[in-house]
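Colleague: The structure file query00.csv (CSV, N, CA and C atoms) is provided below.
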chain,number,residue,atom,x,y,z
Y,9,MET,N,0.8,-1.2,0.0
Y,9,MET,CA,0.0,0.0,0.0
Y,9,MET,C,0.9,1.3,0.0
Y,10,ALA,N,1.9,1.3,0.8
Y,10,ALA,CA,2.8,2.4,0.9
Y,10,ALA,C,3.5,2.6,-0.5
Y,11,GLU,N,3.9,1.5,-1.1
Y,11,GLU,CA,4.6,1.6,-2.4
Y,11,GLU,C,3.6,2.2,-3.4
Y,12,ARG,N,2.4,1.8,-3.4
Y,12,ARG,CA,1.4,2.3,-4.3
Y,12,ARG,C,1.2,3.8,-4.1
Y,13,LYS,N,1.2,4.3,-2.9
Y,13,LYS,CA,1.0,5.7,-2.6
Y,13,LYS,C,2.2,6.5,-3.0
Y,14,GLU,N,3.4,5.9,-2.8
Y,14,GLU,CA,4.6,6.6,-3.2
Y,14,GLU,C,4.7,6.7,-4.8
Y,15,ARG,N,4.2,5.6,-5.4
Y,15,ARG,CA,4.2,5.6,-6.9
Y,15,ARG,C,3.3,6.7,-7.4
Y,16,GLN,N,2.1,6.9,-6.8
Y,16,GLN,CA,1.1,7.9,-7.2
Y,16,GLN,C,1.6,9.3,-6.9
Y,17,GLU,N,2.3,9.5,-5.7
Y,17,GLU,CA,2.8,10.8,-5.4
Y,17,GLU,C,3.9,11.2,-6.4
Y,18,GLY,N,4.8,10.2,-6.8
Y,18,GLY,CA,5.8,10.5,-7.8
Y,18,GLY,C,5.2,10.9,-9.1
Y,19,PHE,N,4.1,10.3,-9.5
Y,19,PHE,CA,3.4,10.6,-10.7
Y,19,PHE,C,2.8,12.0,-10.6
Y,20,GLU,N,2.2,12.3,-9.5
Y,20,GLU,CA,1.5,13.6,-9.4
Y,20,GLU,C,2.6,14.7,-9.4
Y,21,ARG,N,3.7,14.5,-8.7
Y,21,ARG,CA,4.8,15.5,-8.7
Y,21,ARG,C,5.3,15.7,-10.1
Y,22,GLY,N,5.5,14.6,-10.8
Y,22,GLY,CA,6.0,14.7,-12.2
Y,22,GLY,C,5.0,15.3,-13.1
Y,23,LYS,N,3.7,15.1,-12.9
Y,23,LYS,CA,2.6,15.6,-13.8
Y,23,LYS,C,2.6,17.1,-13.6
Y,24,ALA,N,2.8,17.6,-12.4
Y,24,ALA,CA,2.8,19.1,-12.2
Y,24,ALA,C,4.0,19.7,-13.0
Y,25,VAL,N,5.1,19.1,-12.9
Y,25,VAL,CA,6.3,19.6,-13.6
Y,25,VAL,C,6.1,19.5,-15.2
Y,26,LEU,N,5.6,18.4,-15.6
Y,26,LEU,CA,5.3,18.2,-17.0
Y,26,LEU,C,4.3,19.2,-17.5
Y,27,ASP,N,3.3,19.5,-16.8
Y,27,ASP,CA,2.3,20.5,-17.2
Y,27,ASP,C,2.9,21.9,-17.3
Y,28,ALA,N,3.7,22.2,-16.3
Y,28,ALA,CA,4.4,23.5,-16.3
Y,28,ALA,C,5.4,23.7,-17.4
Y,29,VAL,N,6.1,22.7,-17.8
Y,29,VAL,CA,7.1,22.8,-18.8
Y,29,VAL,C,6.5,22.5,-20.2
Y,30,ASP,N,5.9,21.4,-20.4
Y,30,ASP,CA,5.5,21.0,-21.7
Y,30,ASP,C,4.0,21.3,-22.1
Y,31,GLY,N,3.2,21.6,-21.1
Y,31,GLY,CA,1.8,21.9,-21.3
Y,31,GLY,C,1.1,20.8,-22.0
Y,32,ALA,N,0.2,21.2,-22.9
Y,32,ALA,CA,-0.6,20.2,-23.6
Y,32,ALA,C,0.2,19.2,-24.5
Y,33,ALA,N,1.3,19.7,-25.0
Y,33,ALA,CA,2.1,18.8,-25.9
Y,33,ALA,C,2.6,17.6,-25.1
Y,34,GLY,N,3.1,17.8,-23.9
Y,34,GLY,CA,3.5,16.7,-23.0
Y,34,GLY,C,2.4,15.7,-22.7
Y,35,ALA,N,1.3,16.3,-22.3
Y,35,ALA,CA,0.1,15.5,-22.0
Y,35,ALA,C,-0.3,14.6,-23.2
Y,36,LYS,N,-0.2,15.2,-24.4
Y,36,LYS,CA,-0.6,14.4,-25.6
Y,36,LYS,C,0.4,13.2,-25.7
Y,37,VAL,N,1.6,13.4,-25.5
Y,37,VAL,CA,2.6,12.2,-25.6
Y,37,VAL,C,2.2,11.1,-24.6
Y,38,ILE,N,1.9,11.5,-23.4
Y,38,ILE,CA,1.6,10.5,-22.3
Y,38,ILE,C,0.3,9.8,-22.7
Y,39,ASP,N,-0.7,10.6,-23.1
Y,39,ASP,CA,-2.0,10.0,-23.5
Y,39,ASP,C,-1.8,9.1,-24.7
Y,40,ALA,N,-0.9,9.4,-25.6
Y,40,ALA,CA,-0.7,8.5,-26.8
Y,40,ALA,C,-0.1,7.2,-26.4
Y,41,LEU,N,0.5,7.1,-25.2
Y,41,LEU,CA,1.1,5.8,-24.8
Y,41,LEU,C,0.0,5.0,-24.1
Y,42,GLY,N,-1.1,5.5,-23.7
Y,42,GLY,CA,-2.1,4.8,-22.9
Y,42,GLY,C,-2.6,3.5,-23.4
Y,43,ASP,N,-2.7,3.3,-24.7
Y,43,ASP,CA,-3.2,2.0,-25.3
Y,43,ASP,C,-2.0,1.1,-25.7
Y,44,ILE,N,-0.8,1.5,-25.6
Y,44,ILE,CA,0.3,0.7,-26.0
Y,44,ILE,C,1.3,0.4,-24.9
Y,45,SER,N,1.6,1.4,-24.1
Y,45,SER,CA,2.6,1.2,-23.0
Y,45,SER,C,2.3,2.3,-21.9
Y,46,PRO,N,1.2,2.1,-21.2
Y,46,PRO,CA,1.0,3.1,-20.1
Y,46,PRO,C,2.1,3.1,-19.1
Y,47,GLU,N,2.8,2.0,-18.9
Y,47,GLU,CA,3.9,2.1,-17.9
Y,47,GLU,C,5.0,3.0,-18.4
Y,48,LEU,N,5.3,3.0,-19.7
Y,48,LEU,CA,6.3,3.9,-20.2
Y,48,LEU,C,5.8,5.4,-19.9
Y,49,GLY,N,4.6,5.6,-20.2
Y,49,GLY,CA,4.0,7.0,-19.9
Y,49,GLY,C,4.2,7.3,-18.4
Y,50,HIS,N,3.9,6.4,-17.6
Y,50,HIS,CA,4.0,6.6,-16.1
Y,50,HIS,C,5.5,6.9,-15.8
Y,51,GLN,N,6.4,6.2,-16.3
Y,51,GLN,CA,7.9,6.4,-16.0
Y,51,GLN,C,8.4,7.7,-16.6
Y,52,VAL,N,7.9,8.1,-17.7
Y,52,VAL,CA,8.3,9.4,-18.3
Y,52,VAL,C,7.8,10.5,-17.3
Y,53,VAL,N,6.6,10.4,-16.8
Y,53,VAL,CA,6.1,11.4,-15.9
Y,53,VAL,C,6.7,11.3,-14.5
Y,54,ALA,N,6.7,10.1,-13.9
Y,54,ALA,CA,7.1,10.0,-12.5
Y,54,ALA,C,8.7,10.1,-12.4
Y,55,TRP,N,9.4,9.4,-13.2
Y,55,TRP,CA,10.8,9.5,-13.1
Y,55,TRP,C,11.4,10.7,-13.9
Y,56,GLY,N,11.1,10.8,-15.2
Y,56,GLY,CA,11.7,11.8,-16.0
Y,56,GLY,C,11.4,13.2,-15.4
Y,57,PHE,N,10.1,13.5,-15.1
Y,57,PHE,CA,9.7,14.8,-14.6
Y,57,PHE,C,9.7,14.9,-13.1
Y,58,GLY,N,9.2,13.9,-12.5
Y,58,GLY,CA,9.0,13.9,-11.0
Y,58,GLY,C,10.4,13.8,-10.3
Y,59,GLU,N,11.3,13.1,-10.9
Y,59,GLU,CA,12.6,12.9,-10.2
Y,59,GLU,C,13.7,13.8,-10.9
Y,60,ILE,N,13.8,13.8,-12.2
Y,60,ILE,CA,14.9,14.5,-12.8
Y,60,ILE,C,14.6,16.0,-13.1
Y,61,TYR,N,13.5,16.2,-13.8
Y,61,TYR,CA,13.2,17.6,-14.2
Y,61,TYR,C,13.0,18.5,-12.9
Y,62,SER,N,12.5,17.9,-11.9
Y,62,SER,CA,12.2,18.6,-10.7
Y,62,SER,C,13.4,18.9,-9.7
Y,63,ARG,N,14.6,18.4,-10.1
Y,63,ARG,CA,15.8,18.6,-9.3
Y,63,ARG,C,16.1,20.1,-9.3
Y,64,PRO,N,16.7,20.5,-8.2
Y,64,PRO,CA,17.0,22.0,-8.1
Y,64,PRO,C,18.3,22.4,-8.8
Y,65,GLY,N,19.1,21.6,-9.3
Y,65,GLY,CA,20.4,22.0,-9.8
Y,65,GLY,C,20.4,22.8,-11.1
Y,66,LEU,N,19.4,22.8,-11.9
Y,66,LEU,CA,19.3,23.6,-13.1
Y,66,LEU,C,18.0,24.2,-13.2
Y,67,GLU,N,18.0,25.4,-13.8
Y,67,GLU,CA,16.7,26.1,-14.1
Y,67,GLU,C,16.0,25.4,-15.2
Y,68,PRO,N,14.7,25.5,-15.3
Y,68,PRO,CA,14.0,24.8,-16.4
Y,68,PRO,C,14.5,25.3,-17.8
Y,69,ARG,N,14.8,26.5,-18.0
Y,69,ARG,CA,15.3,26.9,-19.3
Y,69,ARG,C,16.6,26.3,-19.7
Y,70,ASP,N,17.5,26.1,-18.6
Y,70,ASP,CA,18.8,25.4,-18.9
Y,70,ASP,C,18.6,23.9,-19.2
Y,71,ARG,N,17.6,23.3,-18.5
Y,71,ARG,CA,17.3,21.9,-18.8
Y,71,ARG,C,16.8,21.8,-20.2
Y,72,GLN,N,16.1,22.7,-20.7
Y,72,GLN,CA,15.6,22.6,-22.1
Y,72,GLN,C,16.7,22.8,-23.1
Y,73,LEU,N,17.7,23.7,-22.8
Y,73,LEU,CA,18.8,23.9,-23.7
Y,73,LEU,C,19.6,22.6,-23.8
Y,74,VAL,N,19.8,21.9,-22.6
Y,74,VAL,CA,20.5,20.7,-22.6
Y,74,VAL,C,19.7,19.6,-23.4
Y,75,THR,N,18.4,19.6,-23.2
Y,75,THR,CA,17.6,18.6,-23.9
Y,75,THR,C,17.6,18.9,-25.4
Y,76,LEU,N,17.5,20.1,-25.8
Y,76,LEU,CA,17.5,20.4,-27.3
Y,76,LEU,C,18.9,19.9,-27.9
Y,77,GLY,N,20.0,20.2,-27.2
Y,77,GLY,CA,21.3,19.8,-27.6
Y,77,GLY,C,21.4,18.3,-27.8
Y,78,MET,N,20.9,17.6,-26.7
Y,78,MET,CA,21.0,16.1,-26.7
Y,78,MET,C,20.1,15.5,-27.8
Y,79,LEU,N,18.9,16.0,-28.0
Y,79,LEU,CA,18.0,15.5,-29.0
Y,79,LEU,C,18.6,15.7,-30.4
Y,80,THR,N,19.2,16.9,-30.6
Y,80,THR,CA,19.8,17.2,-31.9
Y,80,THR,C,21.0,16.3,-32.1
Y,81,ALA,N,21.8,16.0,-31.1
Y,81,ALA,CA,23.0,15.1,-31.3
Y,81,ALA,C,22.5,13.7,-31.6
Y,82,LEU,N,21.5,13.3,-30.9
Y,82,LEU,CA,21.0,11.9,-31.2
Y,82,LEU,C,20.5,11.7,-32.6
Y,83,GLY,N,19.9,12.7,-33.2
Y,83,GLY,CA,19.3,12.6,-34.5
Y,83,GLY,C,18.1,11.7,-34.5
Y,84,GLY,N,17.2,11.9,-35.5
Y,84,GLY,CA,16.0,11.1,-35.6
Y,84,GLY,C,15.0,11.3,-34.5
Y,85,CYS,N,15.1,12.4,-33.7
Y,85,CYS,CA,14.3,12.7,-32.6
Y,85,CYS,C,13.4,13.9,-32.8
Y,86,GLU,N,13.0,14.1,-34.1
Y,86,GLU,CA,12.3,15.3,-34.4
Y,86,GLU,C,10.9,15.4,-33.7
Y,87,PRO,N,10.2,14.3,-33.5
Y,87,PRO,CA,8.9,14.4,-32.7
Y,87,PRO,C,9.2,14.9,-31.3
Y,88,GLN,N,10.3,14.4,-30.7
Y,88,GLN,CA,10.6,14.9,-29.3
Y,88,GLN,C,11.1,16.3,-29.3
Y,89,LEU,N,11.9,16.6,-30.4
Y,89,LEU,CA,12.3,18.0,-30.5
Y,89,LEU,C,11.1,19.0,-30.6
Y,90,ASP,N,10.1,18.6,-31.3
Y,90,ASP,CA,8.9,19.4,-31.5
Y,90,ASP,C,8.4,19.7,-30.1
Y,91,VAL,N,8.2,18.7,-29.2
Y,91,VAL,CA,7.7,18.9,-27.9
Y,91,VAL,C,8.6,19.8,-27.1
Y,92,HIS,N,9.9,19.6,-27.2
Y,92,HIS,CA,10.9,20.3,-26.3
Y,92,HIS,C,11.2,21.7,-26.9
Y,93,ILE,N,11.0,21.9,-28.1
Y,93,ILE,CA,11.1,23.3,-28.6
Y,93,ILE,C,9.9,24.1,-28.0
Y,94,ASN,N,8.7,23.5,-28.1
Y,94,ASN,CA,7.6,24.2,-27.4
Y,94,ASN,C,7.9,24.4,-25.9
Y,95,ALA,N,8.4,23.4,-25.3
Y,95,ALA,CA,8.8,23.5,-23.8
Y,95,ALA,C,9.8,24.6,-23.6
Y,96,ALA,N,10.8,24.7,-24.5
Y,96,ALA,CA,11.8,25.7,-24.3
Y,96,ALA,C,11.2,27.1,-24.4
Y,97,LEU,N,10.3,27.3,-25.3
Y,97,LEU,CA,9.6,28.6,-25.4
Y,97,LEU,C,8.7,28.8,-24.2
Y,98,ASN,N,8.1,27.8,-23.7
Y,98,ASN,CA,7.3,27.9,-22.5
Y,98,ASN,C,8.1,28.3,-21.2
Y,99,VAL,N,9.3,27.9,-21.2
Y,99,VAL,CA,10.1,28.2,-20.0
Y,99,VAL,C,11.0,29.4,-20.2
Y,100,GLY,N,10.8,30.2,-21.3
Y,100,GLY,CA,11.5,31.5,-21.4
Y,100,GLY,C,12.6,31.6,-22.4
Y,101,LEU,N,13.0,30.5,-23.1
Y,101,LEU,CA,13.9,30.7,-24.2
Y,101,LEU,C,13.3,31.4,-25.4
Y,102,THR,N,14.0,32.2,-26.0
Y,102,THR,CA,13.5,32.9,-27.2
Y,102,THR,C,13.7,32.1,-28.5
Y,103,PRO,N,13.0,32.4,-29.5
Y,103,PRO,CA,13.3,31.7,-30.8
Y,103,PRO,C,14.7,31.9,-31.2
Y,104,GLN,N,15.3,33.1,-31.0
Y,104,GLN,CA,16.6,33.4,-31.4
Y,104,GLN,C,17.6,32.6,-30.6
Y,105,GLN,N,17.4,32.4,-29.3
Y,105,GLN,CA,18.3,31.5,-28.5
Y,105,GLN,C,18.2,30.1,-29.0
Y,106,ILE,N,17.0,29.6,-29.3
Y,106,ILE,CA,16.8,28.2,-29.8
Y,106,ILE,C,17.6,28.0,-31.1
Y,107,ILE,N,17.4,28.9,-32.0
Y,107,ILE,CA,18.1,28.8,-33.3
Y,107,ILE,C,19.6,28.9,-33.1
Y,108,GLU,N,20.1,29.8,-32.2
Y,108,GLU,CA,21.5,29.9,-31.9
Y,108,GLU,C,22.0,28.5,-31.3
Y,109,ALA,N,21.3,27.9,-30.5
Y,109,ALA,CA,21.7,26.6,-30.0
Y,109,ALA,C,21.8,25.6,-31.1
Y,110,PHE,N,20.9,25.6,-32.0
Y,110,PHE,CA,21.0,24.6,-33.2
Y,110,PHE,C,22.2,25.0,-34.1
Y,111,LEU,N,22.4,26.3,-34.3
Y,111,LEU,CA,23.6,26.7,-35.1
Y,111,LEU,C,24.9,26.2,-34.4
Y,112,HIS,N,24.9,26.4,-33.1
Y,112,HIS,CA,26.1,25.9,-32.3
Y,112,HIS,C,26.2,24.4,-32.4
Y,113,SER,N,25.1,23.7,-32.4
Y,113,SER,CA,25.2,22.2,-32.5
Y,113,SER,C,25.8,21.7,-33.8
Y,114,ALA,N,25.8,22.5,-34.8
Y,114,ALA,CA,26.3,22.1,-36.1
Y,114,ALA,C,27.8,21.8,-36.0
Y,115,VAL,N,28.5,22.5,-35.1
Y,115,VAL,CA,29.9,22.3,-34.9
Y,115,VAL,C,30.2,20.9,-34.3
Y,116,TYR,N,29.3,20.4,-33.5
Y,116,TYR,CA,29.5,19.1,-32.8
Y,116,TYR,C,28.7,18.0,-33.3
Y,117,CYS,N,27.6,18.3,-34.0
Y,117,CYS,CA,26.7,17.2,-34.4
Y,117,CYS,C,26.7,17.1,-35.9
Y,118,GLY,N,27.1,18.1,-36.6
Y,118,GLY,CA,27.1,18.1,-38.1
Y,118,GLY,C,25.9,18.9,-38.6
Y,119,PHE,N,26.0,19.3,-39.9
Y,119,PHE,CA,25.0,20.1,-40.5
Y,119,PHE,C,23.7,19.3,-40.7
Y,120,PRO,N,23.6,18.0,-41.0
Y,120,PRO,CA,22.3,17.4,-41.2
Y,120,PRO,C,21.5,17.4,-39.9
Y,121,ARG,N,22.1,17.1,-38.8
Y,121,ARG,CA,21.3,17.1,-37.5
Y,121,ARG,C,20.9,18.6,-37.1
Y,122,ALA,N,21.8,19.5,-37.3
Y,122,ALA,CA,21.4,20.9,-37.0
Y,122,ALA,C,20.3,21.4,-38.0
Y,123,LEU,N,20.4,21.0,-39.2
Y,123,LEU,CA,19.3,21.4,-40.2
Y,123,LEU,C,18.0,20.7,-39.8
Y,124,ASN,N,18.0,19.4,-39.4
Y,124,ASN,CA,16.7,18.8,-39.0
Y,124,ASN,C,16.1,19.5,-37.8
Y,125,ALA,N,17.0,19.8,-36.8
Y,125,ALA,CA,16.5,20.5,-35.6
Y,125,ALA,C,15.9,21.9,-36.0
Y,126,THR,N,16.6,22.6,-36.9
Y,126,THR,CA,16.2,23.9,-37.2
Y,126,THR,C,14.9,23.9,-38.0
Y,127,PHE,N,14.7,22.9,-38.9
Y,127,PHE,CA,13.4,22.8,-39.6
Y,127,PHE,C,12.3,22.4,-38.7
Y,128,THR,N,12.6,21.6,-37.6
Y,128,THR,CA,11.6,21.3,-36.6
Y,128,THR,C,11.2,22.6,-35.9
Y,129,ALA,N,12.2,23.4,-35.5
Y,129,ALA,CA,11.9,24.7,-34.9
Y,129,ALA,C,11.1,25.6,-35.8
Y,130,LYS,N,11.4,25.6,-37.1
Y,130,LYS,CA,10.6,26.4,-38.0
Y,130,LYS,C,9.1,26.0,-38.0
Y,131,LYS,N,8.9,24.7,-37.9
Y,131,LYS,CA,7.5,24.2,-37.9
Y,131,LYS,C,6.8,24.7,-36.6
Y,132,VAL,N,7.5,24.6,-35.5
Y,132,VAL,CA,6.9,25.0,-34.2
Y,132,VAL,C,6.7,26.5,-34.2
Y,133,PHE,N,7.7,27.2,-34.6
Y,133,PHE,CA,7.6,28.7,-34.6
Y,133,PHE,C,6.4,29.1,-35.5
Y,134,ALA,N,6.3,28.5,-36.7
Y,134,ALA,CA,5.1,28.8,-37.6
Y,134,ALA,C,3.8,28.6,-36.9
Y,135,GLU,N,3.7,27.4,-36.2
Y,135,GLU,CA,2.5,27.1,-35.5
Y,135,GLU,C,2.2,28.1,-34.4
Y,136,ARG,N,3.2,28.7,-33.8
Y,136,ARG,CA,3.0,29.7,-32.7
Y,136,ARG,C,3.1,31.1,-33.2
Y,137,GLY,N,3.1,31.4,-34.5
Y,137,GLY,CA,3.2,32.7,-35.1
Y,137,GLY,C,4.5,33.5,-34.8
Y,138,LEU,N,5.6,32.8,-34.7
Y,138,LEU,CA,6.8,33.4,-34.3
Y,138,LEU,C,7.8,33.6,-35.5
Y,139,LEU,N,7.4,33.4,-36.7
Y,139,LEU,CA,8.2,33.6,-37.9
Y,139,LEU,C,8.0,35.0,-38.5
Y,140,PRO,N,8.9,35.6,-39.1
Y,140,PRO,CA,10.3,35.2,-39.2
Y,140,PRO,C,11.1,35.4,-37.9
Y,141,VAL,N,12.2,34.6,-37.7
Y,141,VAL,CA,13.0,34.9,-36.5
Y,141,VAL,C,14.1,35.8,-37.0
Y,142,THR,N,14.3,36.9,-36.2
Y,142,THR,CA,15.2,37.9,-36.6
Y,142,THR,C,16.4,37.9,-35.7
Now, as a test, write the supplied structure out as structure tokens.
Modeller:
Amino acid sequence: MAERKERQEGFERGKAVLDAVDGAAGAKVIDALGDISPELGHQVVAWGFGEIYSRPGLEPRDRQLVTLGMLTALGGCEPQLDVHINAALNVGLTPQQIIEAFLHSAVYCGFPRALNATFTAKKVFAERGLLPVT
């Protein structure tokens, strides 16, 4: 019983952080896992957000910069980049800062990955009425 309560508390803590950072986009990802892997959704919320994102060592905007860099470096993560570009905007990064981060990543990740990340940002910025970026 105590383990179940602790599991639920971790999920609730993570859900509050997820909602604050990712908003509706994050909730959509978790909901999409409901009929295929609800446990993965639970772990993303409880562990990813309840344990890691809620740690005091980095500000949310800094966590998003790290996340954008990592997803760019990994490559093939454009759906996750979409969510985290929105999250980066939600926590105070500007479109200019996001584009600068992707430009910087070209040095370490290569042009193809930097281009893919930048085009994902262009899609998000267009959806949010943030183009052109100056």
Colleague: Point out the residue among Y:Gln104, Y:Gln16, Y:Thr142, Y:Thr126 with the least atom-to-atom distance to Val53 (chain Y), counting only C-alpha atoms.
Modeller: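 The shortest atom-to-atom distance to Val53 (chain Y) comes from Y:Gln16.
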Colleague: Counting only C-alpha atoms, which residues of region 50-109 of chain Y sit at most 9 Å from some atom of region 17-34 of chain Y, and what is each one's closest atom pair with its distance in Å to one decimal, listed by chain and rising residue number, as JSON lines?
Modeller:
{"residue": "Y:His50", "atom": "CA", "partner": "Y:Phe19", "partner_atom": "CA", "distance": 6.7}
{"residue": "Y:Gln51", "atom": "CA", "partner": "Y:Phe19", "partner_atom": "CA", "distance": 8.1}
{"residue": "Y:Val52", "atom": "CA", "partner": "Y:Gly22", "partner_atom": "CA", "distance": 8.4}
{"residue": "Y:Val53", "atom": "CA", "partner": "Y:Gly22", "partner_atom": "CA", "distance": 5.0}
{"residue": "Y:Ala54", "atom": "CA", "partner": "Y:Phe19", "partner_atom": "CA", "distance": 4.2}
{"residue": "Y:Trp55", "atom": "CA", "partner": "Y:Gly22", "partner_atom": "CA", "distance": 7.1}
{"residue": "Y:Gly56", "atom": "CA", "partner": "Y:Gly22", "partner_atom": "CA", "distance": 7.4}
{"residue": "Y:Phe57", "atom": "CA", "partner": "Y:Gly22", "partner_atom": "CA", "distance": 4.4}
{"residue": "Y:Gly58", "atom": "CA", "partner": "Y:Gly22", "partner_atom": "CA", "distance": 3.3}
{"residue": "Y:Glu59", "atom": "CA", "partner": "Y:Gly22", "partner_atom": "CA", "distance": 7.1}
{"residue": "Y:Ile60", "atom": "CA", "partner": "Y:Gly22", "partner_atom": "CA", "distance": 8.9}
{"residue": "Y:Tyr61", "atom": "CA", "partner": "Y:Val25", "partner_atom": "CA", "distance": 7.2}
{"residue": "Y:Ser62", "atom": "CA", "partner": "Y:Val25", "partner_atom": "CA", "distance": 6.6}
{"residue": "Y:Pro68", "atom": "CA", "partner": "Y:Val29", "partner_atom": "CA", "distance": 7.6}
{"residue": "Y:Asp90", "atom": "CA", "partner": "Y:Ala33", "partner_atom": "CA", "distance": 8.8}
{"residue": "Y:Val91", "atom": "CA", "partner": "Y:Ala33", "partner_atom": "CA", "distance": 5.9}
{"residue": "Y:His92", "atom": "CA", "partner": "Y:Asp30", "partner_atom": "CA", "distance": 7.1}
{"residue": "Y:Asn94", "atom": "CA", "partner": "Y:Asp30", "partner_atom": "CA", "distance": 6.9}
{"residue": "Y:Ala95", "atom": "CA", "partner": "Y:Asp30", "partner_atom": "CA", "distance": 4.6}
{"residue": "Y:Ala96", "atom": "CA", "partner": "Y:Val29", "partner_atom": "CA", "distance": 7.8}
{"residue": "Y:Asn98", "atom": "CA", "partner": "Y:Val29", "partner_atom": "CA", "distance": 6.3}
{"residue": "Y:Val99", "atom": "CA", "partner": "Y:Val29", "partner_atom": "CA", "distance": 6.3}
Colleague: In terms of the shortest atom-to-atom distance over only C-alpha atoms, which of Y:Glu86, Y:Asp43, Y:Glu108, Y:Asp70 is closest to Asn124 (chain Y)?
Modeller: Y:Glu86
Colleague: Suppose you want the space between CA of Arg15 (chain Y) and CA of Leu48 (chain Y); what is it in Å?
Modeller: 13.6 Å
Colleague: DSSP on the backbone, helix (DSSP H, G or I) only: what residues of chain Y does that give? Format it as a PyMOL selection string.
Modeller: chain Y and resi 10-29+31-40+46-61+68-82+86-98+103-117+119-135
Colleague: What does the distance between atom C of Thr102 (chain Y) and atom N of Cys85 (chain Y) come to in Å, to one decimal place?
Modeller: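 So the answer is 20.4 Å.
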Colleague: Using only C-alpha atoms, which of the listed residues (Y:Ile93, Y:Ile107, Y:Pro120, Y:Gly100) sits closest to Arg136 (chain Y)?
Modeller: Y:Ile93
Colleague: With distances taken over only C-alpha atoms, which of Y:Gly118, Y:Val132, Y:Leu76, Y:Pro87 is nearest to Ile106 (chain Y)?
Modeller: Y:Leu76
Colleague: Calculate how many Å separate CA of Gln88 (chain Y) from atom N of Ala125 (chain Y), rounding to one decimal.
Modeller: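 Result for CA of Gln88 (chain Y) versus atom N of Ala125 (chain Y): 11.0 Å, one decimal.
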Colleague: May I have the residues within 8 Å of Ala109 (chain Y) as a count of residues only, using all atoms listed in the file and disregarding those fewer than 6 positions away in the same chain?
Modeller: 5
Colleague: For a quick check of understanding, using only N, CA and C atoms, which of Y:Leu97, Y:Gly42, Y:Leu138, Y:Thr80 has the smallest distance to Phe110 (chain Y)?
Modeller: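 Using only N, CA and C atoms, Phe110 (chain Y) sits closest to Y:Thr80.
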